[in-house]
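S.K.: This is the structure I want to talk about, given as structure tokens.
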Amino acid sequence: MGSEAETYNAAAVAEPTEWKEGSQPLIPTSMVPPKTHSIRVVHVALVIVQLGYAGLQMFSRVALDAGLNQFLLSMYRNMIAFAILGPIAWYFERGSRPAMNFKILGGLNLLALTGVVGSQQLFLAGLQLTSPLMAAVSQNMIPVFTFLLAATLGFEEVNLRRREGIAKVVGTAICIGGAVTMSVYKGIALFGAGSDSPDAGLTQPFAHLGAFLHHDIVQFSVNKFHLGIFFLIMNCVSWAVYLTCQAPVMRMYPALLSMTAATYFFGFIQVGVLGVISAGKLHFAEFRLTSMAQIVGVLYAALIASTLNLLLQSWCVQKGGPFIVSLYVPLQMLMVAVLSVLLLKDTLYMGIVLGGLLTVAGFYLVVWGQGLERRRKRNILAHILEPDHDVYKVDIRRLSQDLKEPLLEN
């Protein structure tokens, strides 16, 4: 993720039609809206991306219910994704990829630890204990936790005297309120028979770590549903750490495809090691996929979510920008709600609906605040570069194209 100033590289400016040839252009290309037909294709592609992620939650839940170990699912997913993306990255970035060193190696392993091991394992654990809909709702909290982490580290500006600062703080509070609502309030069943009650059953989350932990810790019990929500929230925190760490790693290793492929590779190794530690043994017979549901779940996660969706979403960011991409994230929740009720016969509770609406409202407030802040900084920088030009009279569509500066988000 580049800085604001990097967006205004002298070579990356658009020449307005009203200016004479050879004159100094005023507006960077990132402020110029793309062609209408291109934007329409981007919108269609973004719907497909969110549908792909909605399907990931459905197929992953089915695979886990079919007995597939979550470590095995994540390990195969990243191994296959690396096998596909690795050669692509090697070919297209062979001239721009910097040489590897220990600092870059450490950064890539950190991305793998947070973006693959932590994020995927916490997500799968939460998905298994709650529902696909709950997992989809929780994804709206990723920008909120990213904002909190970036603000804590000083990467994100928080000025309560400006409306963008107020929007980000209020949006964060609303989103957290939505998470609390889903945790403590169940409500009536809106769709479904209500037989899949999220309150049923206790679990011992540390039972399989008896060889390493004290007996009292191993015997600790907690409600499965509440533990699942905790895992999903921690998944958002892990993903927020990944997004925050991605910027400095990208500056050291400015090759997006190679960085992603390396993250998959190191993530595959780390998940494998963690799986062996969790099981307490290495039994290669347990690495088999024993049913069609498990095979389809692994292939879908690897081919669609980690490969096709990644490439398609990267193309959308390039053509339409991260701001437009972020606006489609809540669509995933709606898709999962329909699919889970119709196909998996899940129950849709009032608490999930209310909490989901709050998280979506908070999500959009945070994103809107970030957009306002970037636009203000662009206006200030453009006014410094062209003091005689009234940037505030530029077409609003141009100023809204924050398309080359990545968001701290999903």
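Labeling convention for the structure tokens: chains A, B, ... as they appear, residues from 1 per chain, ligands from 1 in order of appearance.
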Determine which residues of segment 272-362 of chain A receive a DSSP assignment of helix (DSSP H, G or I), computed from the backbone, and state them as a VMD selection string.
M.R.: chain A and resid 272 to 279 284 to 287 292 to 320 322 to 327 329 to 343 350 to 362
S.K.: What is the atom CA of Cys175 of chain A-atom CA of Val367 of chain A distance in Å, reported with one decimal?
M.R.: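 Here the two named atoms are 12.0 Å from each other.
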S.K.: Need the shell around segment 356-362 of chain A: protein/DNA/RNA residues with any atom at most 12 Å away, counting only C-alpha atoms. Skip same-chain ones fewer than 6 positions apart. Format as a ChimeraX atom specification?
M.R.: /A:133-145,147,166-183,326-334,337,348-350,368-369
S.K.: Leaving out Ala83 of chain A and any residue of its chain fewer than 5 positions from it, which residues lie within 9 Å of it when counting only C-alpha atoms, given as number ranges by chain?
M.R.: A: 78, 261, 265
